[in-house]
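Dropping data-v9.txt in here (compact mmCIF, C-alpha atoms):
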# COMPACT_ATOMS: atom_id res chain seq x y z
CA MET A 777 0.00 0.00 0.00
CA SER A 778 1.17 3.50 -0.86
CA ASP A 779 1.06 6.26 1.75
CA ARG A 780 0.61 8.85 -1.02
CA ALA A 781 -2.34 11.20 -0.38
CA ASP A 782 -4.33 11.17 -3.61
CA VAL A 783 -6.35 14.23 -4.60
CA LEU A 784 -8.13 12.19 -7.27
CA ALA A 785 -8.65 8.44 -7.12
CA ALA A 786 -10.55 5.75 -9.00
CA GLN A 787 -11.32 2.89 -6.67
CA SER A 788 -12.10 -0.44 -8.36
CA VAL A 789 -13.90 1.42 -11.16
CA SER A 790 -15.62 -0.50 -13.95
CA TYR A 791 -17.56 0.88 -16.89
CA ARG A 792 -19.67 -1.05 -19.37
CA VAL A 793 -21.73 -0.30 -22.45
CA HIS A 794 -24.47 -2.93 -22.64
CA ASP A 795 -22.53 -6.16 -22.04
CA VAL A 796 -19.16 -4.82 -23.21
CA SER A 797 -16.63 -3.95 -20.50
CA LEU A 798 -14.61 -0.85 -21.43
CA VAL A 799 -12.89 -0.44 -18.05
CA SER A 800 -12.50 -3.24 -15.54
CA LYS A 801 -11.80 -2.76 -11.81
CA ALA A 802 -9.37 0.12 -12.31
CA ASP A 803 -7.51 1.53 -9.32
CA LEU A 804 -5.73 4.78 -10.11
CA GLY A 805 -4.74 7.70 -7.88
CA VAL A 806 -3.08 11.04 -8.56
CA ALA A 807 -1.43 13.10 -5.83
CA ALA A 808 -0.99 16.86 -5.61
CA GLY A 809 1.94 17.98 -7.73
CA GLU A 810 2.07 14.73 -9.70
CA VAL A 811 1.85 14.25 -13.48
CA VAL A 812 0.41 10.87 -14.46
CA ALA A 813 0.17 9.77 -18.11
CA VAL A 814 -2.23 7.01 -19.16
CA LEU A 815 -0.88 5.00 -22.09
CA GLY A 816 -2.18 2.17 -24.22
CA PRO A 817 -3.42 1.29 -27.70
CA ASN A 818 -6.66 2.47 -29.28
CA GLY A 819 -9.64 0.93 -27.49
CA ALA A 820 -7.70 0.19 -24.31
CA GLY A 821 -10.13 2.22 -22.18
CA LYS A 822 -7.93 5.26 -21.53
CA SER A 823 -10.38 8.01 -22.51
CA THR A 824 -13.28 6.18 -20.90
CA LEU A 825 -11.43 5.95 -17.58
CA LEU A 826 -10.53 9.65 -17.82
CA LYS A 827 -14.19 10.56 -18.43
CA VAL A 828 -15.29 8.50 -15.43
CA MET A 829 -12.70 10.22 -13.25
CA ALA A 830 -13.78 13.61 -14.59
CA GLY A 831 -17.40 12.92 -13.69
CA GLU A 832 -18.61 12.83 -17.30
CA LEU A 833 -19.53 9.14 -17.08
CA SER A 834 -20.91 7.21 -14.11
CA PRO A 835 -19.13 3.96 -13.25
CA ALA A 836 -21.01 0.67 -13.33
CA SER A 837 -19.22 -0.22 -10.10
CA GLY A 838 -16.59 1.28 -7.85
CA ARG A 839 -16.27 4.98 -7.15
CA VAL A 840 -14.20 8.10 -7.80
CA VAL A 841 -12.96 10.21 -4.89
CA VAL A 842 -12.18 13.90 -5.45
CA ASP A 843 -10.34 15.77 -2.70
CA GLY A 844 -11.58 13.28 -0.11
CA ARG A 845 -15.23 13.25 -1.24
CA ASP A 846 -17.21 10.86 -3.38
CA LEU A 847 -17.55 12.44 -6.81
CA ALA A 848 -21.17 11.19 -7.03
CA ILE A 849 -22.32 13.59 -4.30
CA LEU A 850 -20.58 16.70 -5.64
CA LYS A 851 -22.68 19.35 -7.34
CA ALA A 852 -21.59 20.62 -10.76
CA GLY A 853 -20.39 23.95 -9.37
CA GLU A 854 -18.31 22.29 -6.65
CA LEU A 855 -16.73 19.96 -9.16
CA ALA A 856 -15.92 22.83 -11.55
CA ARG A 857 -14.08 24.63 -8.78
CA LEU A 858 -12.01 21.54 -7.99
CA ARG A 859 -11.04 20.31 -11.43
CA ALA A 860 -10.68 21.38 -15.06
CA VAL A 861 -10.98 19.13 -18.10
CA VAL A 862 -9.56 19.38 -21.63
CA ALA A 863 -11.38 16.98 -23.94
CA GLN A 864 -9.85 15.21 -26.92
CA SER A 865 -11.79 17.51 -29.26
CA SER A 866 -13.93 20.58 -28.61
CA ASN A 867 -15.85 22.45 -31.28
CA LEU A 868 -17.08 26.02 -31.03
CA SER A 869 -19.14 27.56 -33.80
CA PHE A 870 -19.62 30.95 -32.14
CA PRO A 871 -17.33 33.83 -33.18
CA PHE A 872 -15.46 34.04 -29.86
CA THR A 873 -11.94 35.39 -29.62
CA VAL A 874 -9.17 33.38 -27.98
CA ARG A 875 -9.45 35.58 -24.90
CA GLU A 876 -13.22 35.04 -24.68
CA VAL A 877 -12.83 31.25 -24.97
CA VAL A 878 -10.19 31.21 -22.24
CA ARG A 879 -12.50 33.26 -19.99
CA LEU A 880 -15.35 30.72 -20.46
CA GLY A 881 -13.98 28.49 -17.73
CA VAL A 882 -14.12 31.22 -15.09
CA SER A 883 -17.07 31.16 -12.74
CA VAL A 884 -16.69 32.38 -9.16
CA PRO A 885 -19.90 33.29 -7.30
CA GLY A 886 -20.05 36.94 -6.27
CA LEU A 887 -17.27 38.08 -8.59
CA SER A 888 -17.64 39.99 -11.82
CA ARG A 889 -16.17 38.29 -14.88
CA GLU A 890 -14.38 41.60 -15.50
CA ASN A 891 -12.59 41.43 -12.14
CA PRO A 892 -8.98 42.62 -12.67
CA ARG A 893 -7.58 39.48 -11.03
CA ILE A 894 -9.57 37.33 -13.44
CA GLU A 895 -8.39 39.39 -16.40
CA ARG A 896 -4.77 38.92 -15.30
CA ALA A 897 -5.35 35.17 -14.97
CA VAL A 898 -6.80 35.04 -18.49
CA GLY A 899 -3.81 36.86 -19.97
CA ASP A 900 -1.33 34.76 -18.02
CA ALA A 901 -2.92 31.48 -19.19
CA ILE A 902 -2.85 32.60 -22.81
CA GLY A 903 0.83 33.48 -22.51
CA ARG A 904 1.70 30.17 -20.86
CA VAL A 905 0.67 28.22 -23.98
CA GLY A 906 2.37 30.60 -26.41
CA LEU A 907 -0.76 32.36 -27.70
CA ALA A 908 -0.17 35.92 -26.46
CA ALA A 909 -0.13 37.24 -30.04
CA PHE A 910 -3.45 35.48 -30.78
CA SER A 911 -5.53 36.90 -27.92
CA GLY A 912 -7.83 38.86 -30.21
CA ARG A 913 -8.05 36.28 -32.98
CA LEU A 914 -11.34 34.48 -33.62
CA PHE A 915 -11.30 30.87 -32.43
CA THR A 916 -12.89 29.73 -35.71
CA GLU A 917 -9.89 31.11 -37.65
CA LEU A 918 -7.30 29.12 -35.69
CA SER A 919 -5.48 25.97 -36.75
CA GLY A 920 -6.18 22.71 -34.94
CA GLY A 921 -3.09 23.06 -32.77
CA GLU A 922 -3.93 26.67 -31.88
CA ARG A 923 -7.46 25.63 -30.89
CA GLN A 924 -6.04 22.87 -28.72
CA ARG A 925 -3.71 25.30 -26.94
CA THR A 926 -6.64 27.71 -26.44
CA HIS A 927 -8.61 25.03 -24.59
CA ILE A 928 -5.57 24.14 -22.48
CA ALA A 929 -5.25 27.83 -21.59
CA ARG A 930 -8.96 27.85 -20.66
CA ALA A 931 -8.39 24.99 -18.24
CA LEU A 932 -5.27 26.61 -16.75
CA CYS A 933 -7.20 29.85 -16.25
CA GLN A 934 -10.08 27.99 -14.61
CA LEU A 935 -7.71 26.35 -12.15
CA SER A 936 -5.82 29.57 -11.43
CA VAL A 937 -8.96 31.56 -10.61
CA ALA A 938 -10.51 28.72 -8.60
CA ARG A 939 -7.30 28.32 -6.61
CA ASP A 940 -6.75 32.03 -5.92
CA LEU A 941 -10.34 33.16 -5.37
CA ALA A 942 -12.32 30.07 -4.33
CA GLY A 943 -9.84 27.74 -2.62
CA GLY A 944 -10.06 25.08 -5.35
CA GLY A 945 -8.22 24.43 -8.59
CA LYS A 946 -6.60 21.16 -7.56
CA ILE A 947 -6.97 18.76 -10.51
CA LEU A 948 -6.40 18.93 -14.26
CA LEU A 949 -7.48 16.15 -16.64
CA LEU A 950 -6.48 16.16 -20.31
CA ASP A 951 -7.23 13.78 -23.17
CA GLU A 952 -4.34 13.75 -25.67
CA PRO A 953 -3.23 17.36 -25.04
CA THR A 954 -0.38 17.20 -27.58
CA SER A 955 -2.07 15.31 -30.42
CA SER A 956 -2.42 18.28 -32.82
CA LEU A 957 0.79 20.09 -31.88
CA ASP A 958 4.14 20.32 -33.61
CA VAL A 959 7.16 19.29 -31.57
CA GLY A 960 7.98 22.84 -30.45
CA HIS A 961 4.50 23.50 -29.12
CA GLN A 962 4.36 20.06 -27.54
CA VAL A 963 7.30 21.14 -25.40
CA VAL A 964 5.67 24.53 -24.65
CA VAL A 965 2.45 22.86 -23.47
CA LEU A 966 4.10 20.07 -21.47
CA GLU A 967 6.44 22.52 -19.74
CA ALA A 968 3.39 24.66 -18.85
CA LEU A 969 1.74 21.56 -17.40
CA ARG A 970 4.92 20.72 -15.50
CA ARG A 971 4.89 24.19 -13.92
CA GLU A 972 1.21 23.73 -13.07
CA ALA A 973 2.05 20.48 -11.29
CA ASP A 974 4.94 22.16 -9.48
CA ALA A 975 2.37 24.64 -8.13
CA GLY A 976 0.51 21.70 -6.55
CA THR A 977 -2.00 20.62 -9.20
CA ALA A 978 -2.65 16.91 -9.71
CA ILE A 979 -2.48 16.21 -13.46
CA LEU A 980 -3.86 13.15 -15.23
CA MET A 981 -3.52 12.96 -19.01
CA VAL A 982 -4.15 10.41 -21.71
CA MET A 983 -1.26 10.26 -24.20
CA HIS A 984 -0.30 8.33 -27.32
CA ASP A 985 3.29 9.53 -27.59
CA LEU A 986 5.25 7.11 -25.45
CA ASN A 987 8.46 9.11 -25.54
CA LEU A 988 6.86 12.39 -24.49
CA ALA A 989 5.14 10.56 -21.64
CA ALA A 990 8.41 9.04 -20.51
CA ALA A 991 10.13 12.43 -20.56
CA PHE A 992 7.47 14.49 -18.76
CA ALA A 993 5.37 12.19 -16.55
CA ASP A 994 6.20 11.26 -12.98
CA ARG A 995 4.22 8.03 -13.40
CA VAL A 996 2.80 6.16 -16.34
CA VAL A 997 -0.25 3.92 -16.25
CA ILE A 998 -0.48 1.38 -19.05
CA MET A 999 -3.86 -0.04 -20.08
CA SER A 1000 -4.81 -3.00 -22.25
CA HIS A 1001 -8.33 -4.26 -22.97
CA GLY A 1002 -9.83 -2.10 -20.23
CA CYS A 1003 -7.38 -3.19 -17.54
CA ILE A 1004 -4.43 -1.44 -15.93
CA ILE A 1005 -1.44 -3.72 -16.46
CA ALA A 1006 1.33 -1.44 -15.16
CA ASP A 1007 1.57 1.65 -12.95
CA GLY A 1008 4.83 3.25 -11.91
CA PRO A 1009 7.68 5.58 -12.86
CA PRO A 1010 8.56 5.40 -16.58
CA ARG A 1011 11.86 3.63 -15.86
CA GLN A 1012 9.99 0.80 -14.14
CA ALA A 1013 6.70 0.55 -16.03
CA MET A 1014 7.89 1.09 -19.60
CA THR A 1015 9.64 -2.21 -20.23
CA GLU A 1016 9.78 -4.05 -23.52
CA ALA A 1017 7.69 -6.90 -22.12
CA ILE A 1018 4.91 -4.67 -20.75
CA LEU A 1019 4.71 -2.35 -23.76
CA SER A 1020 4.86 -5.17 -26.31
CA ARG A 1021 2.06 -6.94 -24.45
CA ALA A 1022 -0.09 -3.81 -24.30
CA TYR A 1023 0.36 -2.78 -27.93
CA GLU A 1024 0.44 -6.35 -29.24
CA CYS A 1025 3.54 -5.72 -31.32
CA PRO A 1026 7.27 -5.94 -30.60
CA LEU A 1027 8.66 -2.71 -29.15
CA SER A 1028 12.24 -1.91 -28.27
CA VAL A 1029 13.08 0.22 -25.21
CA GLY A 1030 16.39 2.06 -24.91
CA ARG A 1031 17.76 3.93 -21.91
CA PRO A 1032 20.34 6.69 -22.44
CA PRO A 1033 23.03 6.53 -19.74
CA ALA A 1034 22.75 10.28 -19.05
CA ASP A 1035 19.29 10.31 -17.47
CA GLY A 1036 17.93 6.78 -17.81
CA ILE A 1037 14.64 8.00 -19.28
CA PRO A 1038 13.37 5.23 -21.57
CA PHE A 1039 12.74 5.81 -25.25
CA VAL A 1040 10.58 3.50 -27.34
CA ILE A 1041 10.84 2.47 -30.99
CA PRO A 1042 9.13 -0.32 -32.94
CA ALA A 1043 11.19 -3.46 -33.30
CA LEU A 1044 10.57 -3.44 -37.05
CA GLY A 1045 12.40 -6.62 -37.96
CA GLN A 1046 10.59 -8.58 -35.25
CA ALA A 1047 7.27 -7.02 -36.23
CA LYS A 1048 7.69 -8.14 -39.85
CA ALA A 1049 8.66 -11.61 -38.75
CA ALA A 1050 5.68 -11.84 -36.41
CA LYS A 1051 3.34 -10.63 -39.15
CA GLY A 1052 4.76 -13.18 -41.58
CA ALA A 1053 4.26 -15.95 -39.05
CA ARG A 1054 0.58 -15.02 -38.73
CA LEU A 1055 -0.05 -15.05 -42.51

Just give me the structure of the file as structure tokens.
Amino acid sequence: MSDRADVLAAQSVSYRVHDVSLVSKADLGVAAGEVVAVLGPNGAGKSTLLKVMAGELSPASGRVVVDGRDLAILKAGELARLRAVVAQSSNLSFPFTVREVVRLGVSVPGLSRENPRIERAVGDAIGRVGLAAFSGRLFTELSGGERQRTHIARALCQLSVARDLAGGGKILLLDEPTSSLDVGHQVVVLEALRREADAGTAILMVMHDLNLAAAFADRVVIMSHGCIIADGPPRQAMTEAILSRAYECPLSVGRPPADGIPFVIPALGQAKAAKGARL
């Protein structure tokens, strides 16, 4: 048993659609200041588990605990002050500017949305994701990567205001936050998330890029067929055996002597041989 105090925890959570199990008895906790990346192939249950832990889906069994309370009893406003969510894709058809979209996440009872502290938080969040020059641009005119960074800024602003003005802002959940970004902006976003964690936020994110996860996450959780099959620091959890089992193809894991952070590449020769054996 770990003595880590989790701000967000899934306790034996299962989720089913009809008779199909998408998540099975998952136990997953995230502590304050920790970055946890959930990895696994398509259909492994990663996004479903994230949605359950965000309160968007109700588990078939088990429960989710948020800041010591059962998520099922929290009202929408209470939950919004505790956690922010960045979905895999978010569409807006209204002609909002970047600044207006970022401000959408701010809701503190008794405070005007034009409060100077809120306005500073909006500007700071936009700058943190490298969009300061885009503040007045219409969201509908942005590229996919720029839209993604706008929504990440919205979540960061929500957490900042909730933390400073309402005593909340403790948890950030993201579904593939770097999927539409070039390598430079991937680094910008992940470094912004690292600073958010260093300020005490618990961060849980679904990722497909194994190497980015290994470089930036404190822990990785690897899922396969709805089950968590590994949970630990990248150096321990990202082994060739575990990753090859999860992704059902041979993967090679290297470890540079300088920092020991694993890097993953397909074992192409083995993959071809395995494919030929199946034909």

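Distances here use all atoms listed in the file; by that measure, the residue among A:Gly903, A:Pro1042, A:Ser823, A:Thr926 closest to A:Thr873 is A:Thr926.
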
At a cut-off of 10 Å, can you tabulate as a Markdown table every residue of stretch 812-849 of chain A near stretch 854-860 of chain A together with its closest atom pair and the distance in Å to one decimal, using only C-alpha atoms and ordering rows by chain then number?
| residue | atom | partner | partner_atom | distance |
| --- | --- | --- | --- | --- |
| A:Ala830 | CA | A:Arg859 | CA | 7.9 |
| A:Gly831 | CA | A:Leu855 | CA | 8.4 |
| A:Val842 | CA | A:Leu858 | CA | 8.1 |
| A:Asp843 | CA | A:Leu858 | CA | 8.0 |
| A:Leu847 | CA | A:Leu855 | CA | 7.9 |
| A:Ile849 | CA | A:Leu855 | CA | 9.8 |

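Minimum distance to A:Leu950 across A:Val841, A:Val814, A:Ala908, A:Val862 (counting all atoms listed in the file) occurs at A:Val862.
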
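Our summary of the geometry notes that atom CA of A:Pro1038 is positioned 8.4 Å from atom CA of A:Thr1015.
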
Leaving out A:Ser837 and any residue of its chain fewer than 5 positions from it, which residues lie within 10 Å of it when counting only C-alpha atoms, given as a PyMOL selection string? chain A and resi 787-792+800-801

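Atom pair atom CA of A:Leu833 / atom CA of A:Val996 has a distance of 22.5 Å (rounded to one decimal).
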
Nearest to A:Leu935 by atom-to-atom distance, counting all atoms listed in the file, from A:Val861, A:Met981, A:Leu868, A:Ala820: A:Val861

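With only C-alpha atoms as the atoms that count, the minimum distance from A:Leu914 to the choices A:Thr824, A:Ser955, A:Gln962, A:Ser869 is reached by A:Ser869.
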
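Among the candidates A:Pro953, A:Gly899, A:Gly960, A:Gly943, the residue lying nearest to A:Arg923 is A:Pro953 (atoms considered: only C-alpha atoms).
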
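Distance-wise, atom CA of A:Ala929 and atom CA of A:Lys827 end up 19.7 Å apart.
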
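Taking all atoms listed in the file, the non-local environment of A:Ala990 within 7 Å (same-chain residues fewer than 4 positions away omitted) comprises Leu986, Pro1010, Ile1037 and Pro1038 of chain A.
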
Could you work out an axis-aligned bounding box for all listed atoms of stretch 952-970 of chain A, with 5 Å added on each of the six sides, and give its centre and edge lengths in Å to one decimal, as JSON?
{"center_x": 1.8, "center_y": 19.2, "center_z": -24.6, "size_x": 22.3, "size_y": 20.9, "size_z": 28.1}

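Here the question is which of A:Gln924, A:Thr916, A:Asn818, A:Ser1000 gets nearest to A:Gln864 using all atoms listed in the file, and that residue is A:Gln924.
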